[in-house]
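One file, data_26.cif, is given below (mmCIF, C-alpha atoms).
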```
data_structure
#
loop_
_atom_site.label_atom_id
_atom_site.label_comp_id
_atom_site.auth_asym_id
_atom_site.auth_seq_id
_atom_site.Cartn_x
_atom_site.Cartn_y
_atom_site.Cartn_z
CA ASP A 29 -6.51 -29.24 -22.73
CA THR A 30 -7.68 -28.70 -26.30
CA LEU A 31 -11.20 -29.84 -25.49
CA TYR A 32 -11.34 -27.53 -22.49
CA ALA A 33 -10.06 -24.57 -24.52
CA GLY A 34 -12.74 -25.17 -27.15
CA TYR A 35 -15.39 -25.43 -24.45
CA ALA A 36 -14.27 -22.15 -22.84
CA TRP A 37 -14.36 -20.28 -26.14
CA ALA A 38 -17.79 -21.74 -26.93
CA LEU A 39 -19.05 -20.40 -23.59
CA LEU A 40 -17.69 -16.96 -24.40
CA LEU A 41 -19.30 -16.94 -27.84
CA ALA A 42 -22.63 -18.06 -26.37
CA LEU A 43 -22.75 -15.59 -23.46
CA GLY A 44 -20.81 -12.62 -24.82
CA PRO A 45 -23.43 -11.24 -27.24
CA TRP A 46 -26.12 -11.21 -24.55
CA VAL A 47 -23.90 -9.37 -22.09
CA TRP A 48 -22.92 -6.87 -24.79
CA LEU A 49 -26.57 -6.28 -25.65
CA GLY A 50 -27.56 -5.75 -22.03
CA VAL A 51 -24.75 -3.27 -21.44
CA ALA A 52 -25.54 -1.48 -24.69
CA ILE A 53 -29.24 -0.88 -24.04
CA LEU A 54 -29.66 -0.52 -20.26
CA PRO A 55 -29.96 3.14 -19.22
CA ARG A 56 -28.37 3.10 -15.75
CA PRO A 57 -24.67 2.49 -15.05
CA VAL A 58 -25.50 0.33 -12.03
CA TRP A 59 -27.66 -1.93 -14.19
CA ARG A 60 -24.96 -2.22 -16.84
CA TRP A 61 -22.39 -3.11 -14.18
CA ALA A 62 -24.71 -5.74 -12.73
CA VAL A 63 -25.18 -7.34 -16.17
CA ALA A 64 -21.41 -7.32 -16.80
CA ARG A 65 -20.66 -8.85 -13.37
CA GLY A 66 -23.40 -11.44 -13.74
CA GLY A 67 -22.23 -12.50 -17.17
CA ILE A 68 -18.61 -12.77 -16.05
CA ARG A 69 -19.56 -14.76 -12.96
CA LEU A 70 -21.69 -17.17 -15.00
CA LEU A 71 -18.92 -17.62 -17.58
CA ARG A 72 -16.33 -18.26 -14.88
CA ARG A 73 -18.45 -20.80 -13.04
CA LEU A 74 -19.42 -22.69 -16.17
CA ALA A 75 -15.75 -22.76 -17.15
CA GLY A 76 -14.84 -24.27 -13.79
CA VAL A 77 -12.53 -21.42 -12.79
CA GLU A 78 -12.27 -20.63 -9.08
CA LEU A 79 -12.08 -17.03 -7.82
CA ARG A 80 -11.19 -16.05 -4.27
CA VAL A 81 -11.65 -12.44 -3.15
CA GLU A 82 -9.93 -11.22 0.01
CA GLY A 83 -10.33 -7.83 1.66
CA GLY A 84 -13.43 -6.71 -0.20
CA GLU A 85 -14.59 -4.98 2.97
CA ARG A 86 -11.66 -2.58 2.60
CA LEU A 87 -13.27 -0.86 -0.37
CA PRO A 88 -14.59 2.63 0.47
CA ALA A 89 -18.26 3.08 1.25
CA ALA A 90 -20.66 3.20 -1.67
CA GLY A 91 -20.73 6.63 -3.25
CA GLN A 92 -17.14 7.49 -2.31
CA PRO A 93 -14.85 7.60 -5.36
CA PHE A 94 -11.47 5.91 -5.26
CA VAL A 95 -8.59 4.83 -7.47
CA LEU A 96 -7.87 1.11 -7.76
CA VAL A 97 -4.47 -0.06 -8.99
CA ALA A 98 -3.68 -3.69 -9.77
CA ASN A 99 -0.88 -5.69 -11.31
CA HIS A 100 -1.42 -6.88 -14.87
CA GLN A 101 -1.00 -10.56 -15.75
CA SER A 102 -3.47 -11.40 -18.51
CA TYR A 103 -6.43 -10.26 -20.56
CA LEU A 104 -8.54 -11.83 -17.81
CA ASP A 105 -7.45 -9.39 -15.07
CA ALA A 106 -10.19 -6.85 -15.76
CA LEU A 107 -12.85 -9.58 -15.76
CA PHE A 108 -11.83 -10.84 -12.33
CA LEU A 109 -11.72 -7.28 -10.97
CA ILE A 110 -15.21 -6.55 -12.32
CA GLU A 111 -16.57 -9.58 -10.51
CA ALA A 112 -14.68 -8.72 -7.33
CA VAL A 113 -15.87 -5.09 -7.08
CA ASP A 114 -19.55 -4.64 -6.32
CA ARG A 115 -19.99 -1.16 -7.84
CA PRO A 116 -19.34 0.59 -11.18
CA LEU A 117 -15.65 1.04 -11.86
CA GLY A 118 -14.22 2.79 -14.89
CA PHE A 119 -11.07 1.22 -16.29
CA VAL A 120 -8.49 3.57 -17.77
CA ALA A 121 -7.61 1.92 -21.08
CA LYS A 122 -5.29 2.66 -23.96
CA ARG A 123 -7.00 4.50 -26.80
CA GLU A 124 -6.17 1.75 -29.30
CA LEU A 125 -8.99 -0.32 -27.81
CA ALA A 126 -11.49 2.25 -29.07
CA ALA A 127 -10.64 1.35 -32.68
CA ASN A 128 -12.98 -1.64 -32.54
CA PRO A 129 -16.59 -0.34 -32.60
CA PHE A 130 -17.98 -3.30 -30.64
CA ALA A 131 -15.34 -3.01 -27.92
CA ARG A 132 -15.68 0.79 -27.88
CA ARG A 133 -19.43 0.59 -27.28
CA LEU A 134 -19.04 -1.92 -24.45
CA LEU A 135 -16.17 -0.09 -22.77
CA ARG A 136 -17.77 3.34 -22.92
CA ARG A 137 -21.10 2.08 -21.64
CA THR A 138 -19.34 0.60 -18.60
CA GLY A 139 -17.63 3.91 -17.79
CA ASN A 140 -14.15 3.25 -19.14
CA LEU A 141 -11.89 6.14 -20.16
CA PHE A 142 -9.44 6.05 -23.03
CA VAL A 143 -6.03 7.70 -22.78
CA GLU A 144 -3.13 8.28 -25.15
CA ARG A 145 -0.50 5.96 -23.73
CA PHE A 146 2.28 6.90 -26.11
CA ASP A 147 1.88 10.68 -26.37
CA PRO A 148 3.70 12.43 -23.49
CA ARG A 149 2.54 15.85 -24.77
CA ARG A 150 -1.02 14.94 -23.80
CA GLY A 151 -0.05 13.84 -20.29
CA SER A 152 -1.22 16.94 -18.42
CA ALA A 153 -4.52 17.09 -20.31
CA GLU A 154 -5.21 13.40 -19.70
CA LEU A 155 -4.36 13.77 -16.00
CA ALA A 156 -6.76 16.72 -15.69
CA ARG A 157 -9.52 14.65 -17.31
CA LEU A 158 -8.96 11.73 -14.94
CA THR A 159 -8.82 14.00 -11.90
CA ALA A 160 -12.06 15.69 -12.96
CA ALA A 161 -13.80 12.30 -13.29
CA LEU A 162 -12.74 11.36 -9.76
CA ARG A 163 -13.93 14.68 -8.35
CA GLN A 164 -17.28 14.11 -10.03
CA GLY A 165 -17.68 10.85 -8.13
CA GLN A 166 -16.43 8.23 -10.59
CA SER A 167 -14.12 5.47 -9.35
CA LEU A 168 -11.29 4.51 -11.69
CA ALA A 169 -9.15 1.39 -12.10
CA PHE A 170 -5.63 1.40 -13.50
CA PHE A 171 -3.07 -1.21 -14.47
CA PRO A 172 -0.05 0.99 -13.73
CA GLU A 173 2.37 -1.39 -15.43
CA GLY A 174 0.70 -0.34 -18.70
CA THR A 175 0.93 -3.81 -20.23
CA PHE A 176 1.68 -7.41 -19.28
CA ARG A 177 4.14 -10.06 -20.36
CA ALA A 178 4.00 -13.83 -20.59
CA ASP A 179 6.57 -14.50 -17.87
CA GLY A 180 6.31 -13.51 -14.23
CA GLY A 181 7.43 -10.42 -12.38
CA LEU A 182 6.22 -6.85 -12.10
CA LEU A 183 6.98 -4.06 -14.55
CA PRO A 184 7.60 -0.53 -13.23
CA PHE A 185 4.50 1.33 -12.07
CA ARG A 186 3.72 4.45 -14.09
CA MET A 187 2.70 7.58 -12.23
CA GLY A 188 -0.67 8.47 -13.80
CA ALA A 189 -2.92 6.65 -11.33
CA PHE A 190 -1.04 7.95 -8.32
CA LEU A 191 -0.99 11.55 -9.53
CA ALA A 192 -4.73 11.41 -10.20
CA ALA A 193 -5.46 10.03 -6.71
CA ALA A 194 -3.20 12.60 -5.05
CA GLN A 195 -4.62 15.57 -6.94
CA ALA A 196 -8.25 14.48 -6.50
CA ALA A 197 -7.65 13.68 -2.79
CA VAL A 198 -9.34 10.28 -3.03
CA PRO A 199 -8.20 6.99 -1.47
CA LEU A 200 -6.05 4.65 -3.52
CA ILE A 201 -6.74 0.92 -3.20
CA PRO A 202 -3.86 -1.46 -4.09
CA VAL A 203 -4.96 -4.85 -5.39
CA ALA A 204 -2.90 -7.97 -6.05
CA VAL A 205 -4.23 -10.26 -8.77
CA ARG A 206 -2.90 -13.80 -8.81
CA GLY A 207 -3.56 -16.70 -11.16
CA PRO A 208 -4.82 -15.22 -14.47
CA ARG A 209 -1.46 -15.71 -16.18
CA GLU A 210 -1.72 -19.48 -15.65
CA ILE A 211 -5.28 -19.51 -17.03
CA LEU A 212 -4.64 -17.39 -20.14
CA ARG A 213 -1.06 -16.45 -20.96
CA GLY A 214 -0.41 -13.17 -22.71
CA ASP A 215 1.34 -14.74 -25.69
CA ARG A 216 -1.47 -17.10 -26.75
CA PHE A 217 -5.26 -17.36 -26.66
CA PHE A 218 -5.39 -20.88 -25.24
CA PRO A 219 -7.24 -20.98 -21.89
CA TYR A 220 -6.58 -23.51 -19.15
CA ARG A 221 -8.71 -24.38 -16.18
CA GLY A 222 -7.37 -22.83 -12.98
CA ARG A 223 -7.97 -20.56 -10.03
CA ALA A 224 -7.43 -16.87 -9.37
CA SER A 225 -7.29 -14.56 -6.38
CA VAL A 226 -8.07 -10.86 -5.97
CA ILE A 227 -6.54 -9.45 -2.78
CA VAL A 228 -7.70 -5.96 -1.82
CA GLY A 229 -5.27 -3.90 0.23
CA PRO A 230 -5.92 -1.14 2.77
CA PRO A 231 -6.85 2.33 1.47
CA LEU A 232 -3.89 4.66 0.99
CA ARG A 233 -3.97 8.45 1.02
CA ALA A 234 -1.40 10.86 -0.36
CA GLN A 235 0.40 13.06 2.14
CA SER A 236 0.27 15.93 -0.37
CA PRO A 237 -1.37 16.61 -3.75
CA ASP A 238 1.96 17.02 -5.56
CA TRP A 239 4.55 14.73 -7.12
CA SER A 240 6.03 13.65 -3.79
CA GLY A 241 2.61 12.63 -2.50
CA ALA A 242 2.01 10.58 -5.64
CA VAL A 243 5.42 8.90 -5.32
CA GLY A 244 4.56 7.91 -1.76
CA LEU A 245 1.35 6.32 -2.98
CA ARG A 246 3.18 4.44 -5.71
CA GLU A 247 5.80 3.05 -3.35
CA ALA A 248 3.18 1.90 -0.82
CA ALA A 249 1.02 0.29 -3.52
CA LEU A 250 4.01 -1.40 -5.13
CA ALA A 251 5.11 -2.80 -1.78
CA PHE A 252 1.67 -4.35 -1.17
CA VAL A 253 1.30 -5.82 -4.65
CA SER A 254 4.85 -7.15 -4.91
CA ALA A 255 4.66 -8.77 -1.46
CA HIS A 256 1.53 -10.73 -2.37
CA CYS A 257 2.76 -11.64 -5.84
CA ARG A 258 6.10 -12.79 -4.40
CA ALA A 259 4.32 -14.92 -1.80
CA ASP A 260 2.27 -16.52 -4.56
CA ALA A 261 5.37 -17.23 -6.66
CA GLU A 262 7.10 -18.85 -3.67
CA ARG A 263 4.01 -20.94 -2.91
CA THR A 264 3.76 -22.30 -6.47
CA ALA A 265 7.49 -22.71 -7.15
CA PRO A 266 8.69 -26.29 -7.83
CA GLY A 267 10.12 -28.03 -4.77
#
```

Reformat the file's structure so that it appears as structure tokens.
Amino acid sequence: DTLYAGYAWALLLALGPWVWLGVAILPRPVWRWAVARGGIRLLRRLAGVELRVEGGERLPAAGQPFVLVANHQSYLDALFLIEAVDRPLGFVAKRELAANPFARRLLRRTGNLFVERFDPRRGSAELARLTAALRQGQSLAFFPEGTFRADGGLLPFRMGAFLAAAQAAVPLIPVAVRGPREILRGDRFFPYRGRASVIVGPPLRAQSPDWSGAVGLREAALAFVSAHCRADAERTAPG
């Protein structure tokens, strides 16, 4: 296990700077996304990690913005989603990540948006900014749990992603991510060889652009994600 962990980190250190450089200098978002996906795919394959993607055909047609929501298990979740989605996708990330200049450059060049997670007074302004991005044609990805923990189970889904989808009148795509927690647990940076799955659910649309419409989206998305995560837990449980 120790040898494998050292090998995985060596791969990251060897490939990471080249991916960062490509994303930093390429002028078109599609090119940057292609470099990011290609680097992640190469890293995953060299590390011997399997990835299975189901339901990719359920994604809206190219050029149609959407909101993607996924459960959060590990720091690896975003990497698997980037490889699974074949078009630029802006992740909505906590503003603390922008403190690191190298991470800030990479995240901004790949279309990510930073929000104030712990300031409720900025909630309406942040929601307006996210809704405007969707109306301008950008697709956004959220981890509505807001964080992850080392043990299993889902945390409550926050409302931001669902309100943005309802107000912008764009489809919401629920996604279940399985496996990253076993590869890289949240409480330590010690990777293990394993396999992961990204399961794309059917597009959901809000019945209304208000709070009730957003709640309906949240409940439907939570039902899809929890069902697939529960099935995975039952499949891998001892005995």

Excluding region 122-127 of chain A and residues on its chain fewer than 5 positions from it, collect all residues at most 7 Å away from it, counting only C-alpha atoms, and give them as a PyMOL selection string. chain A and resi 132+142-145

Which residue, A:Trp61, A:Ala178, A:Arg209, A:Thr30, has the smallest gap to Leu135 (chain A) when you use only C-alpha atoms? A:Trp61

Got a sec to resolve the PyMOL selection byres ((chain A and resi 74) around 12) on this structure and send the residues as a PyMOL selection string? chain A and resi 32+35-40+42-43+67-73+75-78+221

Considering all atoms listed in the file, tabulate each residue of region 77-179 of chain A that lies at most 12 Å from region 232-243 of chain A along with its nearest interatomic pair and the corresponding distance in Å to one decimal; arrange the rows by chain and ascending residue number and present them as a Markdown table.
```
| residue | atom | partner | partner_atom | distance |
| --- | --- | --- | --- | --- |
| A:Arg86 | CA | A:Leu232 | CA | 10.7 |
| A:Leu87 | CA | A:Leu232 | CA | 11.0 |
| A:Pro88 | CA | A:Leu232 | CA | 10.9 |
| A:Phe94 | CA | A:Leu232 | CA | 9.9 |
| A:Val95 | CA | A:Leu232 | CA | 9.7 |
| A:Leu96 | CA | A:Leu232 | CA | 10.2 |
| A:Val97 | CA | A:Leu232 | CA | 11.1 |
| A:Thr159 | CA | A:Pro237 | CA | 11.3 |
```

What does the distance between CA of Ala248 (chain A) and CA of Leu109 (chain A) come to in Å, to one decimal place? 20.2 Å

Repaired coordinates for region 114-140 of chain A (N, CA, C and O atoms) as a PDB file, in the coordinates of the input:
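Dumped everything to rebuild-v1.pdb:
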```pdb
ATOM      1  N   ASP A 114     -18.099  -4.623  -6.262  1.00  0.00           N
ATOM      2  CA  ASP A 114     -19.550  -4.640  -6.320  1.00  0.00           C
ATOM      3  C   ASP A 114     -20.185  -3.321  -6.733  1.00  0.00           C
ATOM      4  O   ASP A 114     -21.351  -3.073  -6.438  1.00  0.00           O
ATOM      5  N   ARG A 115     -19.444  -2.446  -7.413  1.00  0.00           N
ATOM      6  CA  ARG A 115     -19.990  -1.160  -7.840  1.00  0.00           C
ATOM      7  C   ARG A 115     -19.319  -0.738  -9.147  1.00  0.00           C
ATOM      8  O   ARG A 115     -18.238  -1.231  -9.474  1.00  0.00           O
ATOM      9  N   PRO A 116     -19.934   0.171  -9.908  1.00  0.00           N
ATOM     10  CA  PRO A 116     -19.340   0.590 -11.180  1.00  0.00           C
ATOM     11  C   PRO A 116     -17.929   1.124 -11.007  1.00  0.00           C
ATOM     12  O   PRO A 116     -17.631   1.895 -10.089  1.00  0.00           O
ATOM     13  N   LEU A 117     -17.072   0.701 -11.908  1.00  0.00           N
ATOM     14  CA  LEU A 117     -15.650   1.040 -11.860  1.00  0.00           C
ATOM     15  C   LEU A 117     -15.182   1.285 -13.286  1.00  0.00           C
ATOM     16  O   LEU A 117     -15.309   0.404 -14.134  1.00  0.00           O
ATOM     17  N   GLY A 118     -14.681   2.483 -13.554  1.00  0.00           N
ATOM     18  CA  GLY A 118     -14.220   2.790 -14.890  1.00  0.00           C
ATOM     19  C   GLY A 118     -12.746   2.447 -15.069  1.00  0.00           C
ATOM     20  O   GLY A 118     -11.899   2.952 -14.345  1.00  0.00           O
ATOM     21  N   PHE A 119     -12.453   1.578 -16.014  1.00  0.00           N
ATOM     22  CA  PHE A 119     -11.070   1.220 -16.290  1.00  0.00           C
ATOM     23  C   PHE A 119     -10.450   2.269 -17.209  1.00  0.00           C
ATOM     24  O   PHE A 119     -11.085   2.726 -18.166  1.00  0.00           O
ATOM     25  N   VAL A 120      -9.230   2.637 -16.922  1.00  0.00           N
ATOM     26  CA  VAL A 120      -8.490   3.570 -17.770  1.00  0.00           C
ATOM     27  C   VAL A 120      -7.722   2.728 -18.781  1.00  0.00           C
ATOM     28  O   VAL A 120      -6.801   1.989 -18.423  1.00  0.00           O
ATOM     29  N   ALA A 121      -8.120   2.812 -20.044  1.00  0.00           N
ATOM     30  CA  ALA A 121      -7.610   1.920 -21.080  1.00  0.00           C
ATOM     31  C   ALA A 121      -6.894   2.704 -22.164  1.00  0.00           C
ATOM     32  O   ALA A 121      -7.160   3.885 -22.389  1.00  0.00           O
ATOM     33  N   LYS A 122      -5.994   2.023 -22.852  1.00  0.00           N
ATOM     34  CA  LYS A 122      -5.290   2.660 -23.960  1.00  0.00           C
ATOM     35  C   LYS A 122      -6.271   2.935 -25.096  1.00  0.00           C
ATOM     36  O   LYS A 122      -7.208   2.169 -25.345  1.00  0.00           O
ATOM     37  N   ARG A 123      -6.062   4.046 -25.788  1.00  0.00           N
ATOM     38  CA  ARG A 123      -7.000   4.500 -26.800  1.00  0.00           C
ATOM     39  C   ARG A 123      -7.102   3.534 -27.985  1.00  0.00           C
ATOM     40  O   ARG A 123      -8.107   3.539 -28.706  1.00  0.00           O
ATOM     41  N   GLU A 124      -6.101   2.693 -28.192  1.00  0.00           N
ATOM     42  CA  GLU A 124      -6.170   1.750 -29.300  1.00  0.00           C
ATOM     43  C   GLU A 124      -7.378   0.830 -29.212  1.00  0.00           C
ATOM     44  O   GLU A 124      -7.888   0.348 -30.226  1.00  0.00           O
ATOM     45  N   LEU A 125      -7.843   0.560 -27.983  1.00  0.00           N
ATOM     46  CA  LEU A 125      -8.990  -0.320 -27.810  1.00  0.00           C
ATOM     47  C   LEU A 125     -10.268   0.273 -28.386  1.00  0.00           C
ATOM     48  O   LEU A 125     -11.222  -0.450 -28.679  1.00  0.00           O
ATOM     49  N   ALA A 126     -10.298   1.594 -28.534  1.00  0.00           N
ATOM     50  CA  ALA A 126     -11.490   2.250 -29.070  1.00  0.00           C
ATOM     51  C   ALA A 126     -11.603   2.087 -30.582  1.00  0.00           C
ATOM     52  O   ALA A 126     -12.621   2.483 -31.166  1.00  0.00           O
ATOM     53  N   ALA A 127     -10.600   1.512 -31.231  1.00  0.00           N
ATOM     54  CA  ALA A 127     -10.640   1.350 -32.680  1.00  0.00           C
ATOM     55  C   ALA A 127     -11.701   0.339 -33.103  1.00  0.00           C
ATOM     56  O   ALA A 127     -12.279   0.443 -34.188  1.00  0.00           O
ATOM     57  N   ASN A 128     -11.967  -0.648 -32.237  1.00  0.00           N
ATOM     58  CA  ASN A 128     -12.980  -1.640 -32.540  1.00  0.00           C
ATOM     59  C   ASN A 128     -14.345  -1.115 -32.082  1.00  0.00           C
ATOM     60  O   ASN A 128     -14.542  -0.843 -30.906  1.00  0.00           O
ATOM     61  N   PRO A 129     -15.305  -0.956 -32.994  1.00  0.00           N
ATOM     62  CA  PRO A 129     -16.590  -0.340 -32.600  1.00  0.00           C
ATOM     63  C   PRO A 129     -17.360  -1.151 -31.572  1.00  0.00           C
ATOM     64  O   PRO A 129     -18.042  -0.580 -30.722  1.00  0.00           O
ATOM     65  N   PHE A 130     -17.263  -2.474 -31.611  1.00  0.00           N
ATOM     66  CA  PHE A 130     -17.980  -3.300 -30.640  1.00  0.00           C
ATOM     67  C   PHE A 130     -17.350  -3.157 -29.256  1.00  0.00           C
ATOM     68  O   PHE A 130     -18.055  -3.000 -28.256  1.00  0.00           O
ATOM     69  N   ALA A 131     -16.023  -3.197 -29.199  1.00  0.00           N
ATOM     70  CA  ALA A 131     -15.340  -3.010 -27.920  1.00  0.00           C
ATOM     71  C   ALA A 131     -15.545  -1.591 -27.404  1.00  0.00           C
ATOM     72  O   ALA A 131     -15.747  -1.375 -26.202  1.00  0.00           O
ATOM     73  N   ARG A 132     -15.507  -0.608 -28.302  1.00  0.00           N
ATOM     74  CA  ARG A 132     -15.680   0.790 -27.880  1.00  0.00           C
ATOM     75  C   ARG A 132     -17.048   1.004 -27.246  1.00  0.00           C
ATOM     76  O   ARG A 132     -17.161   1.651 -26.199  1.00  0.00           O
ATOM     77  N   ARG A 133     -18.080   0.446 -27.835  1.00  0.00           N
ATOM     78  CA  ARG A 133     -19.430   0.590 -27.280  1.00  0.00           C
ATOM     79  C   ARG A 133     -19.520  -0.022 -25.890  1.00  0.00           C
ATOM     80  O   ARG A 133     -20.051   0.575 -24.956  1.00  0.00           O
ATOM     81  N   LEU A 134     -18.987  -1.233 -25.743  1.00  0.00           N
ATOM     82  CA  LEU A 134     -19.040  -1.920 -24.450  1.00  0.00           C
ATOM     83  C   LEU A 134     -18.244  -1.170 -23.397  1.00  0.00           C
ATOM     84  O   LEU A 134     -18.721  -0.957 -22.276  1.00  0.00           O
ATOM     85  N   LEU A 135     -17.041  -0.739 -23.745  1.00  0.00           N
ATOM     86  CA  LEU A 135     -16.170  -0.090 -22.770  1.00  0.00           C
ATOM     87  C   LEU A 135     -16.712   1.270 -22.343  1.00  0.00           C
ATOM     88  O   LEU A 135     -16.664   1.626 -21.158  1.00  0.00           O
ATOM     89  N   ARG A 136     -17.227   2.028 -23.275  1.00  0.00           N
ATOM     90  CA  ARG A 136     -17.770   3.340 -22.920  1.00  0.00           C
ATOM     91  C   ARG A 136     -19.034   3.225 -22.096  1.00  0.00           C
ATOM     92  O   ARG A 136     -19.251   4.011 -21.177  1.00  0.00           O
ATOM     93  N   ARG A 137     -19.853   2.234 -22.397  1.00  0.00           N
ATOM     94  CA  ARG A 137     -21.100   2.080 -21.640  1.00  0.00           C
ATOM     95  C   ARG A 137     -20.846   1.586 -20.219  1.00  0.00           C
ATOM     96  O   ARG A 137     -21.711   1.728 -19.354  1.00  0.00           O
ATOM     97  N   THR A 138     -19.680   1.014 -19.963  1.00  0.00           N
ATOM     98  CA  THR A 138     -19.340   0.600 -18.600  1.00  0.00           C
ATOM     99  C   THR A 138     -18.424   1.607 -17.913  1.00  0.00           C
ATOM    100  O   THR A 138     -17.826   1.311 -16.880  1.00  0.00           O
ATOM    101  N   GLY A 139     -18.313   2.828 -18.480  1.00  0.00           N
ATOM    102  CA  GLY A 139     -17.630   3.910 -17.790  1.00  0.00           C
ATOM    103  C   GLY A 139     -16.132   3.972 -17.974  1.00  0.00           C
ATOM    104  O   GLY A 139     -15.443   4.701 -17.245  1.00  0.00           O
ATOM    105  N   ASN A 140     -15.592   3.236 -18.931  1.00  0.00           N
ATOM    106  CA  ASN A 140     -14.150   3.250 -19.140  1.00  0.00           C
ATOM    107  C   ASN A 140     -13.698   4.530 -19.835  1.00  0.00           C
ATOM    108  O   ASN A 140     -14.445   5.115 -20.633  1.00  0.00           O
TER     109      ASN A 140
END
```
